Protein chains: 2
Amino acid sequence: MRLKVYLAGPEVFLPDARAQQDRKIALTRAAGLVPLAPGDLAIPPQPSKRALGHAISAIDEKLMDEADAIIANLTPYHGVSADTGTCFELGYMCARGKLVYGYTNVAADMRSRSVAHYGGDVHVDTAGRLRGADGLMIEDVDMADNLMMQGGIERRGGKLVVHQAAPDALYTDTTAFEICLALLAERAGLRPRSLAAG
Amino acid sequence: MRLKVYLAGPEVFLPDARAQQDRKIALTRAAGLVPLAPGDLAIPPQPSKRALGHAISAIDEKLMDEADAIIANLTPYHGVSADTGTCFELGYMCARGKLVYGYTNVAADMRSRSVAHYGGDVHVDTAGRLRGADGLMIEDVDMADNLMMQGGIERRGGKLVVHQAAPDALYTDTTAFEICLALLAERAGLRPRSLAAG
């Protein structure tokens with residue numbers, strides 16, 4: 001039985017969301033895996049905006065429940081950190097005991113991005129903790145985002161792949177995503193199609 | 001058996017993190033509930049920053065596994081949306097079938113905050129979707145943050161309490177947190193201590 005992979009990330013917000021998700025879906029199939037992505041299922045009309053939100057939430061959770069694995073696009077979104085919906089989904093899949101992988105298209109780590117957020121106006125407190133100008137502690141544990149994410153992935157044998165995409169390809173560069181696919185396929189005991197076809 | 005509640009939120013980053021968490025712990029006990037909070041357990045020395053991150057991740061997941069419920073502080077943090085670690089934890093608890101509650105100390109909803117992020121430079125596309133100047137879609141489903149969070153909470157019978165705190169009390173105002181405690185206590189069949197003691 002082929003591994004089903006939930007494709008989590010902020011691609012759903014892109015102007016060409018369908019095309020970008022279709023690219024990831026095709027890459028997933030090429031890796032010998034079965035893609036499950038938000039937007040795959042049609043959503044019937046709803047009586048209110050809030051009800052629409054609930055319907056999408058229900059469908060995405062259903063897809064995750066069906067999946068064996070997740071690849072979470074943790075590229076920073078509208079701030080220092082990743083898209084919050086994707087983070088929710090990564091936590092959800094960790095709790096369900098699924099295979100968990102992630103990637104980011106920004107190489108600067110959580111510490112570097114946080115320091116940049118403060119324009120460099122940071123200091124080390126008396127306890128040795130790095131803090132921003134407003135006193136908020138900056139996580140400094142050699143990770144790409146909040147430690148719950150990278151910790152949750154790595155402690156389960158997964159990997160968070162870090163790659164620096166070009167500025168205009170932050171949400172469309174699939175280099176790191178393809179590395180995750182290869183790692184998942186390897187874990188599932190699949191040979192890459194290029195070899196399998198030989 | 002008394003309900004155990006995991007207290008998730010960015011309080012761990014505050015200059016007076018211990019004091020603020022102790023306040024929330026005391027309020028939780030006063031509501032007749034058992035608080036479990038990040039930072040409650042000591043972490044042994046680790047060989048590297050990354051290993052320290054893993055150790056904290058493991059302890060926080062262990063606390064969540066022991067808890068019956070979560071109250072997630074979803075107040076925006078370093079950007080448009082909530083602290084990503086808290087979002088991960090909310091997803092984790094939804095997947096484990098626990099009781100899920102959340103709150104935010106910023107009344108402006110996801111749409112309003114996103115529009116503000118773009119300085120008002122937004123437009124509606126031909127499909128009727130609200131988008132920022134960079135083309136990224138703005139979620140407009142009458143929710144406080146990404147729909148996975150509020151959808152996950154409300155679809156499970158929980159509540160996301162919205163409150164506007166004073167600017168200097170964004171991460172310390174406990175009004176909305178206390179409403180969550182009361183809702184959880186009511187759901188657990190507990191009477192508020194003020195009544196129980198009468």
# chains A, B, ... in the order shown; residues from 1 in each chain; ligands from 1
>>> closest_atom_pairs(of="chain A", to="chain B", cutoff="6 Å", atoms="only C-alpha atoms", output="JSON lines")
{"residue": "A:Phe13", "atom": "CA", "partner": "B:Met137", "partner_atom": "CA", "distance": 4.6}
{"residue": "A:Leu14", "atom": "CA", "partner": "B:Leu136", "partner_atom": "CA", "distance": 5.0}
{"residue": "A:Pro15", "atom": "CA", "partner": "B:Gly135", "partner_atom": "CA", "distance": 5.4}
{"residue": "A:Lys49", "atom": "CA", "partner": "B:Val141", "partner_atom": "CA", "distance": 4.4}
{"residue": "A:Arg50", "atom": "CA", "partner": "B:Val141", "partner_atom": "CA", "distance": 5.1}
{"residue": "A:Gly53", "atom": "CA", "partner": "B:Leu147", "partner_atom": "CA", "distance": 5.6}
{"residue": "A:His54", "atom": "CA", "partner": "B:Gly151", "partner_atom": "CA", "distance": 4.8}
{"residue": "A:Ser57", "atom": "CA", "partner": "B:Met148", "partner_atom": "CA", "distance": 5.2}
{"residue": "A:Gly79", "atom": "CA", "partner": "B:Gly79", "partner_atom": "CA", "distance": 4.2}
{"residue": "A:Thr84", "atom": "CA", "partner": "B:Thr84", "partner_atom": "CA", "distance": 5.8}
{"residue": "A:Gly85", "atom": "CA", "partner": "B:Met148", "partner_atom": "CA", "distance": 5.5}
{"residue": "A:Cys87", "atom": "CA", "partner": "B:Phe88", "partner_atom": "CA", "distance": 4.9}
{"residue": "A:Phe88", "atom": "CA", "partner": "B:Gly91", "partner_atom": "CA", "distance": 4.3}
{"residue": "A:Glu89", "atom": "CA", "partner": "B:Gly91", "partner_atom": "CA", "distance": 6.0}
{"residue": "A:Gly91", "atom": "CA", "partner": "B:Phe88", "partner_atom": "CA", "distance": 4.3}
{"residue": "A:Tyr92", "atom": "CA", "partner": "B:Tyr92", "partner_atom": "CA", "distance": 4.3}
{"residue": "A:Ala95", "atom": "CA", "partner": "B:Tyr92", "partner_atom": "CA", "distance": 5.0}
{"residue": "A:Gly135", "atom": "CA", "partner": "B:Pro15", "partner_atom": "CA", "distance": 5.4}
{"residue": "A:Leu136", "atom": "CA", "partner": "B:Leu14", "partner_atom": "CA", "distance": 5.0}
{"residue": "A:Met137", "atom": "CA", "partner": "B:Phe13", "partner_atom": "CA", "distance": 4.6}
{"residue": "A:Val141", "atom": "CA", "partner": "B:Lys49", "partner_atom": "CA", "distance": 4.4}
{"residue": "A:Asp142", "atom": "CA", "partner": "B:Arg50", "partner_atom": "CA", "distance": 5.4}
{"residue": "A:Asn146", "atom": "CA", "partner": "B:Gly85", "partner_atom": "CA", "distance": 5.5}
{"residue": "A:Leu147", "atom": "CA", "partner": "B:Gly53", "partner_atom": "CA", "distance": 5.6}
{"residue": "A:Met148", "atom": "CA", "partner": "B:Ser57", "partner_atom": "CA", "distance": 5.2}
{"residue": "A:Gly151", "atom": "CA", "partner": "B:His54", "partner_atom": "CA", "distance": 4.8}
>>> select_by_dssp(residues="chain A", states="helix (DSSP H, G or I)", output="compact mmCIF listing (two decimals) with N, CA and C atoms, in the first residue's frame")
# COMPACT_ATOMS: atom_id res chain seq x y z
N PRO A 10 1.49 27.23 3.06
CA PRO A 10 0.75 28.44 2.68
C PRO A 10 0.50 28.57 1.18
N GLU A 11 0.77 27.53 0.40
CA GLU A 11 0.50 27.59 -1.04
C GLU A 11 -0.97 27.92 -1.32
N VAL A 12 -1.85 27.52 -0.41
CA VAL A 12 -3.28 27.78 -0.61
C VAL A 12 -3.59 29.27 -0.73
N PHE A 13 -2.68 30.11 -0.27
CA PHE A 13 -2.91 31.55 -0.31
C PHE A 13 -2.34 32.22 -1.57
N ALA A 17 -2.68 29.40 -6.61
CA ALA A 17 -2.68 28.31 -5.62
C ALA A 17 -2.88 26.93 -6.27
N ARG A 18 -3.89 26.84 -7.15
CA ARG A 18 -4.21 25.55 -7.76
C ARG A 18 -3.00 25.01 -8.55
N ALA A 19 -2.38 25.89 -9.34
CA ALA A 19 -1.24 25.47 -10.15
C ALA A 19 -0.07 25.03 -9.26
N GLN A 20 0.20 25.80 -8.20
CA GLN A 20 1.32 25.45 -7.32
C GLN A 20 1.05 24.15 -6.59
N GLN A 21 -0.19 23.95 -6.15
CA GLN A 21 -0.51 22.70 -5.47
C GLN A 21 -0.45 21.53 -6.45
N ASP A 22 -0.89 21.78 -7.68
CA ASP A 22 -0.82 20.71 -8.69
C ASP A 22 0.63 20.31 -8.97
N ARG A 23 1.54 21.30 -8.94
CA ARG A 23 2.96 20.99 -9.12
C ARG A 23 3.44 20.06 -8.00
N LYS A 24 3.07 20.38 -6.76
CA LYS A 24 3.49 19.56 -5.62
C LYS A 24 2.85 18.18 -5.69
N ILE A 25 1.61 18.14 -6.13
CA ILE A 25 0.90 16.87 -6.26
C ILE A 25 1.60 15.98 -7.30
N ALA A 26 1.99 16.57 -8.42
CA ALA A 26 2.68 15.81 -9.47
C ALA A 26 4.04 15.30 -8.96
N LEU A 27 4.76 16.15 -8.25
CA LEU A 27 6.07 15.74 -7.71
C LEU A 27 5.90 14.60 -6.71
N THR A 28 4.82 14.66 -5.92
CA THR A 28 4.57 13.61 -4.93
C THR A 28 4.30 12.28 -5.62
N ARG A 29 3.48 12.34 -6.65
CA ARG A 29 3.18 11.11 -7.40
C ARG A 29 4.46 10.55 -8.05
N ALA A 30 5.28 11.44 -8.58
CA ALA A 30 6.52 11.02 -9.23
C ALA A 30 7.46 10.33 -8.24
N LYS A 49 -19.65 32.95 6.63
CA LYS A 49 -18.19 32.86 6.51
C LYS A 49 -17.63 31.90 7.56
N ARG A 50 -18.13 32.04 8.78
CA ARG A 50 -17.64 31.19 9.86
C ARG A 50 -17.89 29.71 9.56
N ALA A 51 -19.07 29.42 9.03
CA ALA A 51 -19.42 28.03 8.68
C ALA A 51 -18.51 27.51 7.57
N LEU A 52 -18.13 28.40 6.64
CA LEU A 52 -17.19 28.02 5.59
C LEU A 52 -15.85 27.65 6.21
N GLY A 53 -15.42 28.46 7.17
CA GLY A 53 -14.17 28.15 7.88
C GLY A 53 -14.23 26.79 8.55
N HIS A 54 -15.35 26.51 9.19
CA HIS A 54 -15.52 25.20 9.86
C HIS A 54 -15.46 24.06 8.85
N ALA A 55 -16.10 24.27 7.69
CA ALA A 55 -16.15 23.22 6.67
C ALA A 55 -14.75 22.92 6.14
N ILE A 56 -13.96 23.97 5.91
CA ILE A 56 -12.58 23.76 5.43
C ILE A 56 -11.75 23.05 6.52
N SER A 57 -11.91 23.50 7.76
CA SER A 57 -11.20 22.87 8.88
C SER A 57 -11.54 21.38 8.96
N ALA A 58 -12.80 21.05 8.80
CA ALA A 58 -13.24 19.65 8.89
C ALA A 58 -12.64 18.81 7.76
N ILE A 59 -12.65 19.37 6.56
CA ILE A 59 -12.11 18.63 5.41
C ILE A 59 -10.60 18.42 5.55
N ASP A 60 -9.89 19.47 5.97
CA ASP A 60 -8.44 19.35 6.11
C ASP A 60 -8.08 18.32 7.20
N GLU A 61 -8.83 18.32 8.28
CA GLU A 61 -8.57 17.32 9.33
C GLU A 61 -8.86 15.91 8.81
N LYS A 62 -9.91 15.79 8.01
CA LYS A 62 -10.26 14.48 7.43
C LYS A 62 -9.13 13.97 6.53
N LEU A 63 -8.59 14.88 5.72
CA LEU A 63 -7.47 14.50 4.84
C LEU A 63 -6.27 14.06 5.68
N MET A 64 -6.01 14.81 6.77
CA MET A 64 -4.89 14.44 7.63
C MET A 64 -5.11 13.07 8.26
N ASP A 65 -6.35 12.81 8.67
CA ASP A 65 -6.65 11.51 9.29
C ASP A 65 -6.40 10.36 8.31
N GLU A 66 -6.64 10.64 7.04
CA GLU A 66 -6.44 9.61 6.01
C GLU A 66 -4.96 9.42 5.65
N THR A 84 0.49 29.80 10.58
CA THR A 84 -0.01 29.16 11.81
C THR A 84 -0.89 27.94 11.52
N GLY A 85 -1.61 27.96 10.40
CA GLY A 85 -2.43 26.80 10.06
C GLY A 85 -1.56 25.57 9.82
N THR A 86 -0.42 25.79 9.17
CA THR A 86 0.52 24.70 8.90
C THR A 86 1.10 24.16 10.22
N CYS A 87 1.38 25.07 11.16
CA CYS A 87 1.92 24.65 12.46
C CYS A 87 0.90 23.81 13.22
N PHE A 88 -0.36 24.25 13.17
CA PHE A 88 -1.44 23.46 13.77
C PHE A 88 -1.45 22.06 13.17
N GLU A 89 -1.35 21.99 11.86
CA GLU A 89 -1.43 20.71 11.17
C GLU A 89 -0.24 19.80 11.50
N LEU A 90 0.93 20.41 11.64
CA LEU A 90 2.11 19.62 12.02
C LEU A 90 1.92 19.03 13.41
N GLY A 91 1.41 19.85 14.34
CA GLY A 91 1.14 19.34 15.69
C GLY A 91 0.12 18.23 15.67
N TYR A 92 -0.89 18.42 14.85
CA TYR A 92 -1.97 17.42 14.72
C TYR A 92 -1.39 16.08 14.27
N MET A 93 -0.54 16.12 13.26
CA MET A 93 0.03 14.88 12.71
C MET A 93 1.05 14.25 13.67
N CYS A 94 1.78 15.05 14.41
CA CYS A 94 2.68 14.51 15.43
C CYS A 94 1.86 13.73 16.46
N ALA A 95 0.74 14.32 16.89
CA ALA A 95 -0.09 13.69 17.91
C ALA A 95 -0.73 12.40 17.41
N MET A 110 15.67 30.66 13.40
CA MET A 110 14.73 31.39 14.27
C MET A 110 15.43 32.54 14.99
N ARG A 111 16.63 32.27 15.49
CA ARG A 111 17.37 33.30 16.19
C ARG A 111 17.69 34.47 15.26
N SER A 112 18.22 34.17 14.09
CA SER A 112 18.61 35.24 13.15
C SER A 112 17.40 36.06 12.72
N ARG A 113 16.31 35.39 12.41
CA ARG A 113 15.12 36.12 11.96
C ARG A 113 14.53 36.97 13.09
N SER A 114 14.62 36.45 14.32
CA SER A 114 14.11 37.22 15.45
C SER A 114 14.97 38.46 15.70
N VAL A 115 16.28 38.29 15.61
CA VAL A 115 17.19 39.44 15.77
C VAL A 115 16.89 40.48 14.69
N ALA A 116 16.64 40.02 13.47
CA ALA A 116 16.30 40.94 12.38
C ALA A 116 14.98 41.64 12.66
N HIS A 117 14.03 40.91 13.26
CA HIS A 117 12.72 41.47 13.61
C HIS A 117 12.90 42.69 14.53
N LEU A 147 10.66 25.64 18.71
CA LEU A 147 11.21 24.30 18.98
C LEU A 147 10.18 23.19 18.99
N MET A 148 8.91 23.52 19.21
CA MET A 148 7.89 22.47 19.21
C MET A 148 7.82 21.82 17.82
N MET A 149 8.02 22.65 16.79
CA MET A 149 7.93 22.15 15.42
C MET A 149 9.12 21.27 15.07
N GLN A 150 10.33 21.87 15.13
CA GLN A 150 11.51 21.10 14.73
C GLN A 150 11.76 19.95 15.70
N GLY A 151 11.47 20.19 16.99
CA GLY A 151 11.61 19.12 17.99
C GLY A 151 10.64 17.98 17.69
N GLY A 152 9.40 18.34 17.40
CA GLY A 152 8.38 17.32 17.10
C GLY A 152 8.75 16.48 15.90
N ILE A 153 9.32 17.13 14.89
CA ILE A 153 9.74 16.42 13.67
C ILE A 153 10.94 15.52 13.94
N GLU A 154 12.00 16.11 14.51
CA GLU A 154 13.26 15.35 14.66
C GLU A 154 13.16 14.25 15.71
N PRO A 167 14.37 35.24 -3.52
CA PRO A 167 13.30 36.04 -2.87
C PRO A 167 11.95 35.94 -3.60
N ASP A 168 11.96 35.85 -4.93
CA ASP A 168 10.69 35.79 -5.65
C ASP A 168 10.14 34.36 -5.78
N ALA A 169 10.82 33.41 -5.14
CA ALA A 169 10.36 32.02 -5.23
C ALA A 169 10.20 31.39 -3.84
N THR A 175 12.66 22.78 -4.16
CA THR A 175 13.90 22.04 -3.91
C THR A 175 13.83 21.26 -2.58
N ALA A 176 13.51 21.97 -1.51
CA ALA A 176 13.47 21.34 -0.18
C ALA A 176 12.31 20.35 -0.07
N PHE A 177 11.20 20.72 -0.69
CA PHE A 177 10.04 19.82 -0.71
C PHE A 177 10.41 18.49 -1.36
N GLU A 178 11.15 18.56 -2.46
CA GLU A 178 11.54 17.33 -3.17
C GLU A 178 12.50 16.48 -2.34
N ILE A 179 13.34 17.13 -1.54
CA ILE A 179 14.22 16.37 -0.64
C ILE A 179 13.37 15.62 0.39
N CYS A 180 12.34 16.29 0.91
CA CYS A 180 11.43 15.62 1.86
C CYS A 180 10.76 14.42 1.21
N LEU A 181 10.31 14.60 -0.03
CA LEU A 181 9.68 13.49 -0.75
C LEU A 181 10.62 12.31 -0.87
N ALA A 182 11.88 12.59 -1.21
CA ALA A 182 12.87 11.52 -1.37
C ALA A 182 13.11 10.81 -0.03
N LEU A 183 13.18 11.59 1.05
CA LEU A 183 13.40 10.99 2.37
C LEU A 183 12.22 10.11 2.76
N LEU A 184 11.02 10.59 2.49
CA LEU A 184 9.81 9.82 2.82
C LEU A 184 9.74 8.54 1.98
N ALA A 185 10.06 8.68 0.70
CA ALA A 185 10.01 7.51 -0.19
C ALA A 185 11.04 6.47 0.28
N GLU A 186 12.21 6.95 0.68
CA GLU A 186 13.26 6.05 1.17
C GLU A 186 12.77 5.33 2.42
N ARG A 187 12.13 6.11 3.31
CA ARG A 187 11.62 5.52 4.56
C ARG A 187 10.52 4.50 4.28
N ARG A 193 11.45 6.75 -8.90
CA ARG A 193 10.91 6.28 -10.17
C ARG A 193 12.01 6.15 -11.23
N SER A 194 12.95 7.09 -11.21
CA SER A 194 14.03 7.07 -12.21
C SER A 194 14.81 5.76 -12.14
N LEU A 195 14.97 5.22 -10.92
CA LEU A 195 15.67 3.95 -10.77
C LEU A 195 14.73 2.79 -11.02
N ALA A 196 13.51 2.91 -10.48
CA ALA A 196 12.54 1.82 -10.59
C ALA A 196 12.23 1.51 -12.05
>>> closest_residue(among="A:Ala8, A:Ala37, A:Ala188, A:Val162", to="Thr104 (chain A)", atoms="only C-alpha atoms")
A:Val162
>>> select_by_dssp(residues="chain A", states="strand (DSSP E)", output="PyMOL selection string")
chain A and resi 4-8+34-36+69-73+99-104+122-124+130-132+160-162
>>> atom_distance(atom1="CA of Gly39 (chain B)", atom2="CA of Val5 (chain B)")
14.3 Å
>>> atom_distance(atom1="CA of Asn73 (chain B)", atom2="CA of Val122 (chain A)")
24.5 Å
